[in-house]
$ cat target.txt   # compact mmCIF, C-alpha atoms
# COMPACT_ATOMS: atom_id res chain seq x y z
CA MET A 28 27.67 89.03 326.15
CA ALA A 29 30.73 87.05 325.01
CA LYS A 30 30.75 85.05 328.24
CA ALA A 31 27.05 84.21 327.92
CA LEU A 32 27.47 83.13 324.28
CA THR A 33 30.46 80.98 325.25
CA ILE A 34 28.55 79.25 328.06
CA LEU A 35 25.46 78.54 325.96
CA GLY A 36 27.56 77.54 322.94
CA ALA A 37 29.49 75.05 325.05
CA LEU A 38 26.24 73.67 326.47
CA LEU A 39 24.84 73.25 322.97
CA ILE A 40 27.92 71.41 321.70
CA ALA A 41 27.88 69.12 324.75
CA SER A 42 24.14 68.47 324.27
CA LEU A 43 24.59 67.64 320.59
CA LEU A 44 27.48 65.26 321.29
CA LEU A 45 25.45 63.54 324.02
CA ALA A 46 22.40 63.26 321.74
CA VAL A 47 24.48 61.69 318.98
CA ALA A 48 26.24 59.28 321.33
CA ALA A 49 23.20 58.10 323.31
CA GLY A 50 20.47 55.82 322.06
CA SER A 51 18.87 52.41 322.35
CA THR A 52 21.82 50.93 320.44
CA SER A 53 25.45 51.53 321.36
CA VAL A 54 27.31 52.80 318.31
CA PRO A 55 31.06 53.46 318.74
CA LEU A 56 32.24 56.49 316.79
CA ARG A 57 35.40 54.60 315.87
CA ALA A 58 33.33 51.98 314.04
CA ALA A 59 31.66 54.66 311.94
CA ILE A 60 34.98 56.29 311.15
CA ASP A 61 36.45 52.91 310.17
CA GLY A 62 33.68 52.44 307.61
CA ASP A 63 31.16 50.20 309.37
CA ALA A 64 28.03 50.65 307.21
CA THR A 65 25.54 50.06 310.04
CA ALA A 66 27.30 52.41 312.44
CA ARG A 67 27.57 55.12 309.79
CA ALA A 68 23.89 54.79 308.90
CA ILE A 69 22.77 55.07 312.54
CA LEU A 70 25.01 58.03 313.31
CA PHE A 71 24.90 60.07 310.12
CA GLN A 72 21.44 59.23 308.75
CA LEU A 73 19.50 59.02 312.01
CA ARG A 74 21.10 60.59 315.07
CA VAL A 75 23.08 63.51 313.64
CA PRO A 76 20.25 65.00 311.52
CA ARG A 77 17.80 64.45 314.37
CA ALA A 78 20.06 66.22 316.89
CA LEU A 79 20.69 69.12 314.51
CA LEU A 80 16.98 69.41 313.69
CA ALA A 81 16.13 69.47 317.41
CA ALA A 82 18.61 72.32 317.89
CA LEU A 83 17.16 74.27 314.96
CA ILE A 84 13.57 73.79 316.14
CA GLY A 85 14.46 74.90 319.67
CA ALA A 86 16.26 77.97 318.35
CA THR A 87 13.36 78.79 316.02
CA LEU A 88 10.66 78.55 318.69
CA ALA A 89 12.69 80.52 321.23
CA VAL A 90 13.44 83.31 318.74
CA ALA A 91 9.76 83.45 317.73
CA GLY A 92 8.70 83.60 321.38
CA LEU A 93 11.15 86.41 322.12
CA THR A 94 9.89 88.35 319.09
CA PHE A 95 6.22 88.00 320.05
CA GLN A 96 6.87 88.97 323.68
CA THR A 97 8.79 92.05 322.56
CA LEU A 98 6.21 93.11 319.98
CA LEU A 99 3.27 92.67 322.34
CA ARG A 100 5.14 93.71 325.50
CA ASN A 101 3.47 90.75 327.16
CA PRO A 102 5.41 88.04 329.02
CA LEU A 103 2.73 85.44 328.24
CA ALA A 104 2.98 85.67 324.44
CA ASP A 105 4.40 82.72 322.54
CA PRO A 106 3.68 80.91 319.23
CA PHE A 107 1.46 78.34 320.93
CA ILE A 108 -0.77 80.92 322.65
CA LEU A 109 -1.04 83.17 319.59
CA GLY A 110 -2.60 80.38 317.54
CA VAL A 111 0.25 79.83 315.06
CA SER A 112 0.97 76.31 316.31
CA GLY A 113 -2.77 75.57 316.50
CA GLY A 114 -3.23 76.61 312.87
CA ALA A 115 -0.47 74.24 311.80
CA ALA A 116 -2.00 71.41 313.82
CA CYS A 117 -5.41 72.14 312.32
CA GLY A 118 -3.99 71.93 308.80
CA ALA A 119 -2.30 68.63 309.59
CA ALA A 120 -5.50 67.20 311.10
CA ILE A 121 -7.55 68.16 308.03
CA ALA A 122 -4.94 66.58 305.74
CA THR A 123 -5.16 63.39 307.82
CA ALA A 124 -8.96 63.34 307.64
CA LEU A 125 -8.78 63.69 303.85
CA GLY A 126 -6.45 60.70 303.64
CA LEU A 127 -3.46 62.76 302.52
CA ALA A 128 -1.20 61.65 305.38
CA ARG A 129 0.10 58.73 303.31
CA LEU A 130 1.48 61.05 300.64
CA PRO A 131 5.09 62.09 301.41
CA GLY A 132 5.51 65.73 302.39
CA VAL A 133 1.83 66.65 302.22
CA VAL A 134 1.17 66.94 305.97
CA PRO A 135 4.12 69.30 306.64
CA LEU A 136 3.14 71.43 303.65
CA VAL A 137 -0.51 71.71 304.73
CA ALA A 138 0.58 72.35 308.33
CA PHE A 139 2.78 75.21 307.17
CA GLY A 140 -0.15 76.61 305.18
CA GLY A 141 -2.34 76.36 308.28
CA ALA A 142 0.19 78.29 310.34
CA CYS A 143 0.35 81.05 307.73
CA ALA A 144 -3.45 81.20 307.53
CA ALA A 145 -3.69 81.43 311.32
CA THR A 146 -1.14 84.25 311.30
CA GLY A 147 -3.16 86.22 308.79
CA ALA A 148 -6.41 85.64 310.67
CA VAL A 149 -4.98 86.71 314.03
CA PHE A 150 -3.40 89.81 312.56
CA LEU A 151 -6.58 90.85 310.71
CA LEU A 152 -8.75 90.30 313.79
CA ALA A 153 -6.42 92.47 315.85
CA ARG A 154 -6.43 95.43 313.42
CA ARG A 155 -8.42 98.49 314.42
CA ARG A 156 -8.25 101.47 312.04
CA GLU A 157 -4.72 100.83 310.86
CA TYR A 158 -3.61 100.00 314.40
CA THR A 159 -2.73 96.52 315.70
CA ASP A 160 -3.94 96.11 319.27
CA PRO A 161 -1.62 93.81 321.31
CA THR A 162 -4.46 92.73 323.61
CA ARG A 163 -6.67 91.86 320.65
CA LEU A 164 -3.81 89.81 319.19
CA LEU A 165 -3.68 87.63 322.31
CA LEU A 166 -7.45 87.32 322.54
CA SER A 167 -7.72 86.48 318.84
CA GLY A 168 -5.09 83.78 319.26
CA LEU A 169 -6.93 82.26 322.22
CA VAL A 170 -10.29 82.25 320.38
CA LEU A 171 -8.77 80.76 317.23
CA ASN A 172 -7.02 78.08 319.31
CA ALA A 173 -10.42 77.01 320.64
CA PHE A 174 -11.76 76.88 317.07
CA PHE A 175 -8.73 74.92 315.86
CA SER A 176 -9.15 72.41 318.71
CA ALA A 177 -12.75 71.77 317.62
CA VAL A 178 -11.73 71.29 313.98
CA ILE A 179 -8.93 68.93 315.03
CA LEU A 180 -11.32 66.77 317.07
CA ILE A 181 -13.82 66.61 314.19
CA SER A 182 -11.03 65.76 311.73
CA PHE A 183 -9.74 62.96 313.93
CA ALA A 184 -13.27 61.57 314.31
CA LEU A 185 -13.50 61.38 310.52
CA SER A 186 -9.99 59.99 309.99
CA ARG A 187 -9.16 56.37 309.29
CA GLN A 188 -7.91 54.40 312.27
CA SER A 189 -4.71 53.54 310.42
CA ASP A 190 -3.84 57.24 310.02
CA LEU A 191 -4.57 58.29 313.59
CA THR A 192 -1.46 56.90 315.29
CA ALA A 193 0.96 58.93 313.17
CA ALA A 194 -1.27 62.00 313.41
CA LEU A 195 -1.48 61.83 317.20
CA ARG A 196 2.29 61.34 317.49
CA TRP A 197 2.82 64.39 315.32
CA MET A 198 0.38 66.41 317.46
CA MET A 199 2.40 65.62 320.59
CA GLY A 200 5.72 66.60 319.00
CA THR A 201 8.21 64.17 317.52
CA LEU A 202 11.43 64.23 315.54
CA PHE A 203 11.12 60.63 314.40
CA GLY A 204 12.18 60.39 310.76
CA ALA A 205 14.22 63.60 310.72
CA THR A 206 16.08 64.05 307.44
CA TRP A 207 18.94 66.16 306.16
CA SER A 208 16.54 68.01 303.85
CA ASP A 209 14.53 69.10 306.92
CA VAL A 210 17.73 70.32 308.55
CA VAL A 211 18.82 72.32 305.50
CA LEU A 212 15.40 73.90 304.92
CA LEU A 213 14.88 74.94 308.54
CA ALA A 214 18.47 76.20 308.82
CA ILE A 215 17.95 78.47 305.79
CA LEU A 216 14.70 79.86 307.21
CA LEU A 217 16.20 80.39 310.66
CA VAL A 218 19.25 82.22 309.31
CA ALA A 219 17.01 84.42 307.14
CA ALA A 220 14.79 85.20 310.13
CA LEU A 221 17.78 86.05 312.31
CA VAL A 222 19.08 88.43 309.64
CA VAL A 223 15.67 90.17 309.43
CA LEU A 224 15.27 90.39 313.21
CA ALA A 225 18.85 91.60 313.65
CA ALA A 226 18.11 94.39 311.17
CA LEU A 227 15.01 95.30 313.21
CA ALA A 228 16.70 94.79 316.58
CA ASN A 229 17.22 98.44 317.45
CA ASP A 230 13.60 99.32 316.59
CA LEU A 231 12.35 96.31 318.56
CA ARG A 232 14.48 97.39 321.50
CA MET A 233 12.82 100.80 321.49
CA LEU A 234 9.37 99.27 320.97
CA ALA A 235 9.83 97.29 324.19
CA PHE A 236 9.65 100.59 326.12
CA GLY A 237 6.26 101.49 324.62
CA GLU A 238 4.77 102.43 321.28
CA ASP A 239 4.51 106.16 322.02
CA ASP A 240 8.17 106.33 323.00
CA ALA A 241 9.17 104.38 319.89
CA LYS A 242 7.10 106.65 317.62
CA SER A 243 8.69 109.73 319.16
CA ARG A 244 12.08 108.30 318.14
CA GLY A 245 10.99 107.84 314.53
CA VAL A 246 10.11 104.13 314.59
CA ASP A 247 7.43 103.00 312.14
CA VAL A 248 5.64 100.91 314.75
CA GLU A 249 3.07 99.26 312.49
CA ARG A 250 5.72 98.25 309.94
CA ILE A 251 7.90 96.75 312.67
CA LYS A 252 4.92 94.88 314.13
CA LEU A 253 4.00 93.43 310.75
CA ALA A 254 7.57 92.45 309.85
CA GLY A 255 8.29 90.95 313.27
CA PHE A 256 5.01 89.08 313.52
CA LEU A 257 5.28 87.62 310.01
CA THR A 258 8.90 86.58 310.55
CA GLY A 259 8.14 84.87 313.85
CA SER A 260 5.05 83.17 312.44
CA ILE A 261 6.73 81.86 309.29
CA ILE A 262 9.60 80.21 311.17
CA THR A 263 7.16 78.85 313.76
CA GLY A 264 5.04 77.35 310.98
CA ALA A 265 8.12 75.74 309.45
CA ALA A 266 9.23 74.28 312.79
CA VAL A 267 5.77 72.94 313.66
CA ALA A 268 5.37 71.48 310.17
CA VAL A 269 8.54 69.45 310.69
CA SER A 270 8.19 68.39 314.32
CA GLY A 271 4.56 68.80 315.34
CA ILE A 272 3.58 70.84 318.37
CA ILE A 273 6.35 71.38 320.92
CA GLY A 274 4.83 73.90 323.27
CA PHE A 275 6.19 76.38 325.82
CA VAL A 276 9.72 76.64 324.38
CA GLY A 277 8.96 80.15 323.14
CA LEU A 278 7.60 81.08 326.56
CA LEU A 279 10.15 79.44 328.81
CA VAL A 280 13.49 80.19 327.16
CA PRO A 281 13.22 84.00 326.73
CA HIS A 282 12.21 84.39 330.38
CA LEU A 283 15.05 82.24 331.66
CA ILE A 284 17.54 84.16 329.52
CA ARG A 285 16.18 87.50 330.77
CA MET A 286 16.45 86.32 334.38
CA ILE A 287 20.15 85.51 333.97
CA TRP A 288 21.42 87.98 331.37
CA ARG A 289 20.56 91.32 329.81
CA ARG A 290 17.12 92.42 328.57
CA ASP A 291 18.16 94.23 325.41
CA PHE A 292 16.65 92.53 322.33
CA ARG A 293 19.95 92.82 320.45
CA PHE A 294 21.66 90.62 323.05
CA LEU A 295 18.68 88.39 323.78
CA LEU A 296 18.29 87.27 320.16
CA PRO A 297 21.41 85.05 319.87
CA LEU A 298 21.19 83.95 323.51
CA CYS A 299 17.59 82.76 323.12
CA ALA A 300 18.48 80.91 319.92
CA LEU A 301 21.23 78.99 321.74
CA GLY A 302 19.12 78.43 324.85
CA GLY A 303 16.17 77.09 322.87
CA ALA A 304 18.47 74.77 320.94
CA VAL A 305 19.90 73.32 324.15
CA LEU A 306 16.44 72.79 325.67
CA VAL A 307 14.93 70.90 322.72
CA VAL A 308 18.05 68.78 322.10
CA LEU A 309 17.98 67.64 325.73
CA ALA A 310 14.18 67.14 325.67
CA ASP A 311 14.49 64.99 322.55
CA LEU A 312 17.32 63.01 324.13
CA VAL A 313 15.21 62.29 327.21
CA SER A 314 12.23 61.30 325.06
CA ARG A 315 14.39 58.71 323.27
CA VAL A 316 16.21 57.12 326.20
CA VAL A 317 13.85 57.37 329.20
CA LEU A 318 12.04 54.19 328.08
CA ALA A 319 13.91 51.44 326.28
CA SER A 320 10.78 50.05 324.61
CA SER A 321 9.24 53.23 323.18
CA GLU A 322 9.79 56.89 322.35
CA LEU A 323 7.89 59.49 324.33
CA PRO A 324 6.61 62.79 322.84
CA ILE A 325 8.94 65.77 323.19
CA GLY A 326 6.00 68.08 323.81
CA ALA A 327 5.26 66.25 327.05
CA PHE A 328 8.65 67.14 328.52
CA THR A 329 8.54 70.78 327.45
CA ALA A 330 5.01 71.04 328.87
CA VAL A 331 6.16 69.59 332.21
CA LEU A 332 8.69 72.42 332.38
CA GLY A 333 6.55 75.12 330.80
CA VAL A 334 3.16 74.77 332.49
CA PRO A 335 4.38 75.51 336.06
CA PHE A 336 6.42 78.41 334.69
CA PHE A 337 3.40 79.78 332.81
CA LEU A 338 1.25 79.55 335.95
CA SER A 339 3.90 81.38 337.98
CA LEU A 340 3.93 84.17 335.37
CA LEU A 341 0.14 84.42 335.55
CA ARG A 342 0.30 84.65 339.33
CA ARG A 343 3.03 87.28 339.21
CA SER A 344 1.11 89.40 336.66
CA ARG A 345 -2.07 89.57 338.78
$ encode --input "target.txt" --output "structure tokens"
Amino acid sequence: MAKALTILGALLIASLLLAVAAGSTSVPLRAAIDGDATARAILFQLRVPRALLAALIGATLAVAGLTFQTLLRNPLADPFILGVSGGAACGAAIATALGLARLPGVVPLVAFGGACAATGAVFLLARRREYTDPTRLLLSGLVLNAFFSAVILISFALSRQSDLTAALRWMMGTLFGATWSDVVLLAILLVAALVVLAALANDLRMLAFGEDDAKSRGVDVERIKLAGFLTGSIITGAAVAVSGIIGFVGLLVPHLIRMIWRRDFRFLLPLCALGGAVLVVLADLVSRVVLASSELPIGAFTAVLGVPFFLSLLRRSR
């Protein structure tokens, strides 16, 4: 455990340093330290908050993915598939269609509300006589994603042309315009979620072996499902509200961590947080530097990695 944390921690520090150092403009650290106003602005108002926000978003999505996979005992579960990300995107699209995108902070707030609404809808659809059916959760998420996609297309058709560019960039995942307030808010939510999930870790570990086995050991399965699902959904909604849709992180990272290290939820939780942070920091770095003239969407790079992995999981589960 200590060795794994050390390796991933070192990778995260190296990734953050590389993300801060690299960019379209060369900015010597010495110049910033010596008081150069331009260098300090680029490093400490643009690159550092963006790198830290990328790490927090990656950690958030990976932790949420691990939680959903454990709760549902399904390797294909992640925030994107369960409809949480789609609900946030739907809220953002509706806000754009209503002309609210030009008001500061409105789109993230509505997106967060959409994610919470999607969470409630999925959970209610999956309830059967005080029991939450894992299969119905996945199916409900898939059906709601289809509905959200239709609403998004209609909203974009009704939106002003001037608002569409920013909305489409948000839909594809971007950290452009990251601020220190975003970093602080997401850090608080992530720490709170980790505390909650750490408190539930032993129950979640037993739940991974089956609901009947967990109940026989005194676990309140429905309470753990509700607490875990709400925690994962809230932090996912916050991450998506800030960055847009960055898919497959919650699917890819937990599986890679399980393949290399232990499967116990108590150990997987911090490892997935670090692994997700490394992945999104590097994906954001690539999106910024791969083309000198423009910035590519982060979601495209995570999808390039995640889609083949998802298909291999589908093939293996047949």
$ residues_around --input "target.txt" --residues "range 71-87 of chain A" --least-positions-apart "4" --cutoff "8 Å" --atoms "all atoms listed in the file" --output "PyMOL selection string"
chain A and resi 43+46-47+67+91+202-207+209-210+213-214+217+262-263+266+270+276+299-308+311
$ residues_around --input "target.txt" --residues "Ser112 in chain A" --least-positions-apart "4" --cutoff "9 Å" --atoms "all atoms listed in the file" --output "number ranges by chain"
A: 106-108, 116-117, 138, 141-142, 145, 172, 260, 263-264, 267-268, 271-274
$ closest_residue --input "target.txt" --among "A:Ala219, A:Ala66, A:Leu109, A:Leu44" --to "Phe95 in chain A" --atoms "all atoms listed in the file"
A:Leu109
$ residues_around --input "target.txt" --residues "range 153-169 of chain A" --least-positions-apart "5" --cutoff "8 Å" --atoms "only C-alpha atoms" --output "PyMOL selection string"
chain A and resi 98-100+104+108-111+249+252
$ atom_distance --input "target.txt" --atom1 "CA of Phe275 in chain A" --atom2 "CA of Ile179 in chain A"
20.0 Å
$ atom_distance --input "target.txt" --atom1 "CA of Thr329 in chain A" --atom2 "CA of Val316 in chain A"
15.7 Å
$ residues_around --input "target.txt" --residues "Ala235 in chain A" --least-positions-apart "4" --cutoff "12 Å" --atoms "only C-alpha atoms" --output "PyMOL selection string"
chain A and resi 93-102+228-231+239-242+246+248+251-252+290-293
$ write_last_selection --input "target.txt" --atoms "C-alpha atoms" --output "PDB file, in the frame of the given file"
ATOM      1  CA  LEU A  93      11.150  86.410 322.120  1.00  0.00           C
ATOM      2  CA  THR A  94       9.890  88.350 319.090  1.00  0.00           C
ATOM      3  CA  PHE A  95       6.220  88.000 320.050  1.00  0.00           C
ATOM      4  CA  GLN A  96       6.870  88.970 323.680  1.00  0.00           C
ATOM      5  CA  THR A  97       8.790  92.050 322.560  1.00  0.00           C
ATOM      6  CA  LEU A  98       6.210  93.110 319.980  1.00  0.00           C
ATOM      7  CA  LEU A  99       3.270  92.670 322.340  1.00  0.00           C
ATOM      8  CA  ARG A 100       5.140  93.710 325.500  1.00  0.00           C
ATOM      9  CA  ASN A 101       3.470  90.750 327.160  1.00  0.00           C
ATOM     10  CA  PRO A 102       5.410  88.040 329.020  1.00  0.00           C
ATOM     11  CA  ALA A 228      16.700  94.790 316.580  1.00  0.00           C
ATOM     12  CA  ASN A 229      17.220  98.440 317.450  1.00  0.00           C
ATOM     13  CA  ASP A 230      13.600  99.320 316.590  1.00  0.00           C
ATOM     14  CA  LEU A 231      12.350  96.310 318.560  1.00  0.00           C
ATOM     15  CA  ASP A 239       4.510 106.160 322.020  1.00  0.00           C
ATOM     16  CA  ASP A 240       8.170 106.330 323.000  1.00  0.00           C
ATOM     17  CA  ALA A 241       9.170 104.380 319.890  1.00  0.00           C
ATOM     18  CA  LYS A 242       7.100 106.650 317.620  1.00  0.00           C
ATOM     19  CA  VAL A 246      10.110 104.130 314.590  1.00  0.00           C
ATOM     20  CA  VAL A 248       5.640 100.910 314.750  1.00  0.00           C
ATOM     21  CA  ILE A 251       7.900  96.750 312.670  1.00  0.00           C
ATOM     22  CA  LYS A 252       4.920  94.880 314.130  1.00  0.00           C
ATOM     23  CA  ARG A 290      17.120  92.420 328.570  1.00  0.00           C
ATOM     24  CA  ASP A 291      18.160  94.230 325.410  1.00  0.00           C
ATOM     25  CA  PHE A 292      16.650  92.530 322.330  1.00  0.00           C
ATOM     26  CA  ARG A 293      19.950  92.820 320.450  1.00  0.00           C
TER      27      ARG A 293
END
$ atom_distance --input "target.txt" --atom1 "CA of Leu32 in chain A" --atom2 "CA of Leu298 in chain A"
6.4 Å
$ axis_aligned_box --input "target.txt" --around "range 77-93 of chain A" --padding-each-side "3 Å" --output "AutoDock Vina command-line options"
--center_x 14.7 --center_y 75.4 --center_z 317.9 --size_x 18.0 --size_y 28.0 --size_z 14.4
$ closest_residue --input "target.txt" --among "A:Ala173, A:Leu191, A:Leu35, A:Leu283" --to "Gly126 in chain A" --atoms "all atoms listed in the file"
A:Leu191
$ closest_residue --input "target.txt" --among "A:Ala184, A:Leu312, A:Leu234, A:Leu103" --to "Val334 in chain A" --atoms "only C-alpha atoms"
A:Leu103
$ closest_residue --input "target.txt" --among "A:Leu278, A:Leu152, A:Arg129, A:Leu309" --to "Ala41 in chain A" --atoms "only C-alpha atoms"
A:Leu309
$ closest_residue --input "target.txt" --among "A:Thr65, A:Met28, A:Leu253, A:Ala310" --to "Glu322 in chain A" --atoms "only C-alpha atoms"
A:Ala310
$ residues_around --input "target.txt" --residues "Asp190 in chain A" --least-positions-apart "5" --cutoff "12 Å" --atoms "all atoms listed in the file" --output "MDAnalysis selection string"
chainID A and resid 119:130 134 182:185 195:197
$ decode --input "target.txt" --residues "range 224-254 of chain A" --atoms "N, CA and C atoms" --output "mmCIF file, in the first residue's frame"
data_model
loop_
_atom_site.group_PDB
_atom_site.id
_atom_site.type_symbol
_atom_site.label_atom_id
_atom_site.label_comp_id
_atom_site.auth_asym_id
_atom_site.auth_seq_id
_atom_site.Cartn_x
_atom_site.Cartn_y
_atom_site.Cartn_z
ATOM 1 N N LEU A 224 -16.713 8.324 2.338
ATOM 2 C CA LEU A 224 -16.458 7.002 1.756
ATOM 3 C C LEU A 224 -15.478 6.194 2.606
ATOM 4 N N ALA A 225 -14.531 6.869 3.241
ATOM 5 C CA ALA A 225 -13.618 6.157 4.142
ATOM 6 C C ALA A 225 -14.379 5.595 5.342
ATOM 7 N N ALA A 226 -15.374 6.352 5.823
ATOM 8 C CA ALA A 226 -16.189 5.865 6.933
ATOM 9 C C ALA A 226 -17.029 4.665 6.518
ATOM 10 N N LEU A 227 -17.415 4.619 5.234
ATOM 11 C CA LEU A 227 -18.234 3.512 4.722
ATOM 12 C C LEU A 227 -17.386 2.398 4.118
ATOM 13 N N ALA A 228 -16.073 2.551 4.129
ATOM 14 C CA ALA A 228 -15.195 1.664 3.364
ATOM 15 C C ALA A 228 -15.343 0.195 3.749
ATOM 16 N N ASN A 229 -15.437 -0.087 5.033
ATOM 17 C CA ASN A 229 -15.540 -1.484 5.455
ATOM 18 C C ASN A 229 -16.860 -2.106 4.992
ATOM 19 N N ASP A 230 -17.951 -1.340 5.085
ATOM 20 C CA ASP A 230 -19.251 -1.829 4.605
ATOM 21 C C ASP A 230 -19.238 -2.017 3.091
ATOM 22 N N LEU A 231 -18.614 -1.081 2.381
ATOM 23 C CA LEU A 231 -18.519 -1.198 0.921
ATOM 24 C C LEU A 231 -17.663 -2.397 0.527
ATOM 25 N N ARG A 232 -16.640 -2.663 1.311
ATOM 26 C CA ARG A 232 -15.802 -3.838 1.041
ATOM 27 C C ARG A 232 -16.620 -5.117 1.157
ATOM 28 N N MET A 233 -17.455 -5.196 2.177
ATOM 29 C CA MET A 233 -18.290 -6.389 2.339
ATOM 30 C C MET A 233 -19.396 -6.449 1.287
ATOM 31 N N LEU A 234 -19.905 -5.283 0.878
ATOM 32 C CA LEU A 234 -20.947 -5.247 -0.138
ATOM 33 C C LEU A 234 -20.431 -5.764 -1.475
ATOM 34 N N ALA A 235 -19.149 -5.605 -1.723
ATOM 35 C CA ALA A 235 -18.561 -6.070 -2.985
ATOM 36 C C ALA A 235 -18.664 -7.580 -3.140
ATOM 37 N N PHE A 236 -18.826 -8.308 -2.036
ATOM 38 C CA PHE A 236 -18.933 -9.770 -2.102
ATOM 39 C C PHE A 236 -20.376 -10.246 -2.278
ATOM 40 N N GLY A 237 -21.331 -9.291 -2.260
ATOM 41 C CA GLY A 237 -22.730 -9.663 -2.441
ATOM 42 C C GLY A 237 -23.600 -9.092 -1.335
ATOM 43 N N GLU A 238 -24.821 -8.740 -1.694
ATOM 44 C CA GLU A 238 -25.716 -8.111 -0.723
ATOM 45 C C GLU A 238 -26.128 -9.063 0.394
ATOM 46 N N ASP A 239 -26.386 -10.333 0.059
ATOM 47 C CA ASP A 239 -26.795 -11.290 1.085
ATOM 48 C C ASP A 239 -25.697 -11.495 2.112
ATOM 49 N N ASP A 240 -24.461 -11.599 1.628
ATOM 50 C CA ASP A 240 -23.334 -11.773 2.541
ATOM 51 C C ASP A 240 -23.170 -10.542 3.426
ATOM 52 N N ALA A 241 -23.325 -9.358 2.828
ATOM 53 C CA ALA A 241 -23.195 -8.123 3.603
ATOM 54 C C ALA A 241 -24.293 -8.014 4.659
ATOM 55 N N LYS A 242 -25.524 -8.367 4.289
ATOM 56 C CA LYS A 242 -26.632 -8.317 5.258
ATOM 57 C C LYS A 242 -26.405 -9.285 6.409
ATOM 58 N N SER A 243 -25.858 -10.451 6.108
ATOM 59 C CA SER A 243 -25.602 -11.434 7.164
ATOM 60 C C SER A 243 -24.550 -10.940 8.155
ATOM 61 N N ARG A 244 -23.739 -9.966 7.734
ATOM 62 C CA ARG A 244 -22.716 -9.398 8.611
ATOM 63 C C ARG A 244 -23.178 -8.101 9.264
ATOM 64 N N GLY A 245 -24.474 -7.796 9.129
ATOM 65 C CA GLY A 245 -25.038 -6.642 9.811
ATOM 66 C C GLY A 245 -24.967 -5.333 9.057
ATOM 67 N N VAL A 246 -24.669 -5.368 7.756
ATOM 68 C CA VAL A 246 -24.578 -4.142 6.965
ATOM 69 C C VAL A 246 -25.979 -3.705 6.534
ATOM 70 N N ASP A 247 -26.288 -2.436 6.739
ATOM 71 C CA ASP A 247 -27.544 -1.866 6.248
ATOM 72 C C ASP A 247 -27.339 -1.525 4.768
ATOM 73 N N VAL A 248 -27.640 -2.479 3.912
ATOM 74 C CA VAL A 248 -27.287 -2.382 2.495
ATOM 75 C C VAL A 248 -27.933 -1.175 1.830
ATOM 76 N N GLU A 249 -29.218 -0.958 2.063
ATOM 77 C CA GLU A 249 -29.909 0.144 1.392
ATOM 78 C C GLU A 249 -29.355 1.498 1.835
ATOM 79 N N ARG A 250 -29.013 1.615 3.115
ATOM 80 C CA ARG A 250 -28.434 2.876 3.595
ATOM 81 C C ARG A 250 -27.074 3.125 2.956
ATOM 82 N N ILE A 251 -26.264 2.085 2.838
ATOM 83 C CA ILE A 251 -24.940 2.217 2.233
ATOM 84 C C ILE A 251 -25.069 2.565 0.751
ATOM 85 N N LYS A 252 -26.037 1.931 0.065
ATOM 86 C CA LYS A 252 -26.261 2.255 -1.344
ATOM 87 C C LYS A 252 -26.618 3.731 -1.516
ATOM 88 N N LEU A 253 -27.564 4.186 -0.710
ATOM 89 C CA LEU A 253 -28.019 5.563 -0.820
ATOM 90 C C LEU A 253 -26.889 6.548 -0.526
ATOM 91 N N ALA A 254 -26.164 6.307 0.563
ATOM 92 C CA ALA A 254 -25.074 7.214 0.943
ATOM 93 C C ALA A 254 -23.969 7.223 -0.110
#
